[in-house]
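Shown next: model_12.cif, containing mmCIF, C-alpha atoms.
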```
data_model
#
loop_
_atom_site.label_atom_id
_atom_site.label_comp_id
_atom_site.auth_asym_id
_atom_site.auth_seq_id
_atom_site.Cartn_x
_atom_site.Cartn_y
_atom_site.Cartn_z
CA MET A 241 63.05 93.13 6.37
CA SER A 242 59.92 94.52 8.09
CA ARG A 243 58.77 98.08 7.53
CA LYS A 244 59.81 98.97 11.08
CA GLN A 245 63.37 97.75 10.53
CA GLU A 246 63.51 99.44 7.11
CA LEU A 247 62.35 102.74 8.64
CA LYS A 248 64.91 102.50 11.43
CA LYS A 249 67.70 101.92 8.90
CA LEU A 250 66.51 104.75 6.65
CA THR A 251 66.09 107.15 9.60
CA THR A 252 69.74 106.55 10.53
CA GLN A 253 70.83 107.02 6.91
CA LEU A 254 68.76 110.19 6.63
CA ALA A 255 70.30 111.61 9.81
CA ILE A 256 73.82 110.84 8.52
CA TRP A 257 73.25 112.36 5.05
CA THR A 258 71.49 115.41 6.53
CA ALA A 259 74.44 115.99 8.86
CA LEU A 260 76.87 115.56 5.95
CA TRP A 261 74.87 118.04 3.85
CA ILE A 262 74.86 120.61 6.68
CA ILE A 263 78.62 120.17 7.13
CA SER A 264 79.27 120.45 3.37
CA THR A 265 77.07 123.58 3.26
CA ALA A 266 78.97 125.13 6.17
CA VAL A 267 82.35 124.28 4.61
CA ALA A 268 81.27 125.62 1.21
CA THR A 269 79.96 128.83 2.78
CA PHE A 270 82.50 129.72 5.44
CA GLY A 271 85.48 128.07 3.77
CA SER A 272 84.90 129.99 0.57
CA LEU A 273 84.43 133.26 2.46
CA LEU A 274 87.17 132.95 5.07
CA VAL A 275 89.74 130.28 4.17
CA TRP A 276 90.12 130.13 0.38
CA PRO A 277 88.35 133.21 -1.03
CA GLU A 278 90.75 133.33 -4.02
CA HIS A 279 90.60 129.66 -5.03
CA TYR A 280 87.88 129.45 -7.66
CA ALA A 281 88.43 125.73 -8.40
CA VAL A 282 88.14 124.81 -4.69
CA LYS A 283 84.92 126.80 -4.38
CA VAL A 284 83.42 125.05 -7.43
CA ALA A 285 84.53 121.64 -6.12
CA LEU A 286 82.91 122.32 -2.75
CA LEU A 287 79.68 123.40 -4.43
CA LEU A 288 79.70 120.19 -6.48
CA ILE A 289 80.28 118.13 -3.33
CA ASN A 290 77.48 120.03 -1.59
CA ILE A 291 74.97 119.40 -4.38
CA THR A 292 76.00 115.73 -4.69
CA VAL A 293 75.55 115.13 -0.97
CA GLY A 294 72.22 117.00 -1.19
CA ALA A 295 71.08 114.76 -4.05
CA VAL A 296 71.87 111.63 -2.02
CA MET A 297 70.00 113.13 0.96
CA ILE A 298 66.94 113.77 -1.26
CA ASN A 299 67.03 110.18 -2.52
CA VAL A 300 67.28 108.76 1.02
CA ASN A 301 64.36 110.99 2.01
CA ARG A 302 62.35 109.68 -0.97
CA ARG A 303 63.07 106.09 0.10
CA TYR A 304 62.10 106.98 3.68
CA VAL A 305 58.72 108.37 2.55
CA LEU A 306 58.07 105.25 0.45
CA ALA A 307 58.82 103.07 3.49
CA LEU A 308 56.19 104.83 5.62
CA ASP A 309 52.84 103.10 6.01
CA GLU A 310 49.73 104.53 4.33
CA LEU A 311 48.54 106.67 7.26
CA GLN A 312 52.02 108.09 7.81
CA GLN A 313 52.27 108.85 4.08
CA LYS A 314 48.91 110.64 4.22
CA VAL A 315 50.03 112.81 7.16
CA PHE A 316 53.36 113.46 5.41
CA LEU A 317 51.57 114.45 2.18
CA GLN A 318 49.32 116.90 4.03
CA ALA A 319 52.31 118.40 5.84
CA MET A 320 54.26 118.74 2.57
CA GLY A 321 51.22 120.33 0.89
CA ILE A 322 50.95 122.94 3.62
CA THR A 323 54.71 123.52 3.58
CA LEU A 324 54.73 123.94 -0.20
CA GLY A 325 51.86 126.44 0.07
CA VAL A 326 53.68 128.40 2.74
CA ALA A 327 56.86 128.33 0.62
CA VAL A 328 55.13 129.79 -2.44
CA ILE A 329 52.71 132.22 -0.78
CA GLY A 330 54.95 133.15 2.16
CA GLY A 331 58.03 133.40 -0.06
CA ILE A 332 56.36 135.71 -2.57
CA THR A 333 54.83 137.89 0.17
CA TYR A 334 58.22 138.09 1.90
CA SER A 335 59.89 139.02 -1.39
CA LEU A 336 57.21 141.65 -2.12
CA ALA A 337 57.71 143.08 1.36
CA ASP A 338 61.41 143.49 0.49
CA ILE A 339 60.77 144.96 -2.99
CA THR A 340 58.18 147.44 -1.68
CA ASP A 341 60.40 148.36 1.31
CA VAL A 342 57.82 147.26 3.84
CA ILE A 343 60.65 145.49 5.70
CA SER A 344 63.85 147.35 6.44
CA GLY A 345 66.41 144.64 5.56
CA ASP A 346 66.79 142.30 2.59
CA ALA A 347 64.64 139.18 2.30
CA GLU A 348 66.87 136.25 3.31
CA ILE A 349 66.38 132.69 2.06
CA SER A 350 67.48 131.42 5.50
CA VAL A 351 64.40 133.04 7.09
CA LEU A 352 62.14 131.30 4.60
CA ILE A 353 63.86 127.93 5.20
CA MET A 354 63.39 128.31 8.96
CA VAL A 355 59.69 129.14 8.47
CA LEU A 356 59.31 126.08 6.21
CA GLY A 357 61.01 123.82 8.76
CA ILE A 358 58.75 125.04 11.55
CA THR A 359 55.65 124.79 9.31
CA TYR A 360 56.52 121.20 8.39
CA LEU A 361 57.11 120.18 12.02
CA ILE A 362 53.86 121.76 13.23
CA SER A 363 51.90 120.23 10.31
CA MET A 364 53.30 116.75 11.06
CA PHE A 365 52.56 117.11 14.76
CA VAL A 366 48.99 118.33 14.20
CA GLY A 367 48.44 115.68 11.51
CA MET A 368 49.59 112.81 13.73
CA ARG A 369 47.51 114.11 16.64
CA SER A 370 44.37 114.29 14.50
CA TYR A 371 44.55 110.52 13.88
CA ARG A 372 45.10 109.56 17.53
CA MET B 210 33.44 103.21 7.16
CA LYS B 211 33.09 101.10 10.30
CA ASN B 212 35.07 98.00 11.21
CA ARG B 213 35.29 95.15 13.70
CA LEU B 214 39.06 95.19 14.11
CA LYS B 215 38.99 95.94 17.82
CA VAL B 216 36.57 93.08 18.53
CA LEU B 217 38.48 90.62 16.34
CA ARG B 218 41.74 91.65 17.96
CA ALA B 219 40.29 91.32 21.47
CA GLU B 220 38.95 87.84 20.66
CA ARG B 221 42.49 86.75 19.92
CA ASP B 222 43.93 88.65 22.87
CA TRP B 223 46.21 90.67 20.62
CA THR B 224 47.49 94.17 21.34
CA GLN B 225 47.43 96.92 18.74
CA ALA B 226 51.19 96.45 18.43
CA ASP B 227 50.73 92.70 17.71
CA LEU B 228 48.21 93.45 14.97
CA ALA B 229 50.36 96.24 13.56
CA GLU B 230 53.32 93.89 13.31
CA ALA B 231 51.21 91.17 11.67
CA VAL B 232 50.08 93.46 8.85
CA ASP B 233 53.30 95.54 8.75
CA VAL B 234 51.95 98.99 9.65
CA SER B 235 52.48 101.28 12.63
CA ARG B 236 50.50 100.92 15.86
CA GLN B 237 49.16 104.45 15.30
CA THR B 238 47.64 103.29 12.01
CA ILE B 239 45.83 100.39 13.72
CA ASN B 240 44.56 102.80 16.37
CA ALA B 241 43.29 105.27 13.72
CA ILE B 242 41.51 102.47 11.81
CA GLU B 243 39.90 101.10 14.97
CA LYS B 244 38.62 104.56 15.85
CA ASP B 245 37.20 104.99 12.30
CA LYS B 246 39.48 107.96 11.72
CA PHE B 247 41.27 106.36 8.81
CA ASP B 248 40.05 103.98 6.10
CA PRO B 249 42.68 101.43 5.05
CA SER B 250 43.62 100.84 1.43
CA LEU B 251 42.26 97.76 -0.34
CA PRO B 252 45.60 95.87 -0.08
CA LEU B 253 45.68 96.51 3.68
CA ALA B 254 42.03 95.45 4.01
CA PHE B 255 42.94 92.20 2.23
CA LYS B 256 45.80 91.69 4.70
CA PHE B 257 43.34 91.96 7.60
CA ALA B 258 40.95 89.58 5.85
CA ARG B 259 43.69 87.02 5.29
CA LEU B 260 44.95 87.37 8.86
CA PHE B 261 41.51 86.92 10.45
CA GLU B 262 40.42 84.37 7.80
CA LEU B 263 37.26 86.35 7.12
CA PRO B 264 35.83 88.06 4.04
CA ILE B 265 36.55 91.80 3.89
CA GLU B 266 32.86 92.67 4.31
CA ALA B 267 32.84 90.77 7.61
CA ILE B 268 35.48 93.17 8.91
CA PHE B 269 34.68 96.46 7.17
CA PHE B 270 31.21 97.80 6.48
CA VAL B 271 29.49 101.04 5.62
CA ASP B 272 27.86 102.88 8.48
CA GLU B 273 24.27 103.10 7.18
CA ALA B 274 23.38 105.75 9.74
CA ASN B 275 25.80 108.15 8.05
#
```
This structure in structure tokens:
Amino acid sequence: MSRKQELKKLTTQLAIWTALWIISTAVATFGSLLVWPEHYAVKVALLLINITVGAVMINVNRRYVLALDELQQKVFLQAMGITLGVAVIGGITYSLADITDVISGDAEISVLIMVLGITYLISMFVGMRSYR
Amino acid sequence: MKNRLKVLRAERDWTQADLAEAVDVSRQTINAIEKDKFDPSLPLAFKFARLFELPIEAIFFVDEAN
């Protein structure tokens, strides 16, 4: 199988497992809050399903990165480096802003995840453009 | 590092996509190598050498001016 075919197959798999993980996260969150708030065993089972699906998604993502060619891997590595930096520095600054009451509300992990997603997308876009 | 990929490709009337498929990389990677924006790994350089039936140093060379 050529790299192109392999990437196409892995992209599809990654999309499926990402969708499954999002669904399992939503079910674990809203189901546990609204549908079965008293069922401890169900909540634990859903968390286990969520983490298992997440682990498969991580493995598919790992295989996807390995299937990229060397330039694509370089761009991906740079984007991940920037994203990791933003996660650590941005996350700690955001947390400090909460602790020191610089921001009015609580620091939310969802805000950080959104920032990381946007950082990664911009880094990939800029990286790919720089090699055009 | 400089290279003669574009010339060698043109001599054979190949597109970037043809060359990319022959050495199993993306077309963007071929474009970046041709424009001297990206230096290929040694295994990829060997693939080009095998494909064009030339020694690596006949395809890739150091730009003495820089």
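Using all atoms listed in the file, one finds that the residues of chain A close to chain B, at 12 Å or less, are Met241, Ser242, Arg243, Lys244, Gln245, Glu246, Leu247, Ala307, Leu308, Asp309, Glu310, Leu311, Gln312, Gln313, Lys314, Val315, Gly367, Met368, Arg369, Ser370, Tyr371 and Arg372 of chain A.
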May I have the protein, DNA and RNA residues with any atom at most 7 Å from the point (81.5, 132.4, 0.5), counting all atoms listed in the file, written as a ChimeraX atom specification?
/A:268-273
Which residues fall under the PyMOL selection byres ((chain A and resi 304) around 8) in this file, as a PyMOL selection string?
chain A and resi 247+250-251+254+300-303+305-308
Please write the residues from the selection above to a file, keeping C-alpha atoms, as a CSV table (one decimal), keeping the file's coordinate frame.
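Output file out33.csv is given in full below:
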```csv
chain,number,residue,atom,x,y,z
A,247,LEU,CA,62.4,102.7,8.6
A,250,LEU,CA,66.5,104.8,6.6
A,251,THR,CA,66.1,107.2,9.6
A,254,LEU,CA,68.8,110.2,6.6
A,300,VAL,CA,67.3,108.8,1.0
A,301,ASN,CA,64.4,111.0,2.0
A,302,ARG,CA,62.4,109.7,-1.0
A,303,ARG,CA,63.1,106.1,0.1
A,305,VAL,CA,58.7,108.4,2.6
A,306,LEU,CA,58.1,105.2,0.4
A,307,ALA,CA,58.8,103.1,3.5
A,308,LEU,CA,56.2,104.8,5.6
```
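The point (75.7, 114.0, -5.4) has these residues within 12 Å of it, counting all atoms listed in the file: Trp257, Leu260, Trp261, Ser264, Ala285, Leu286, Leu287, Leu288, Ile289, Asn290, Ile291, Thr292, Val293, Gly294, Ala295, Val296, Met297, Ile298, Asn299 and Val300 of chain A.
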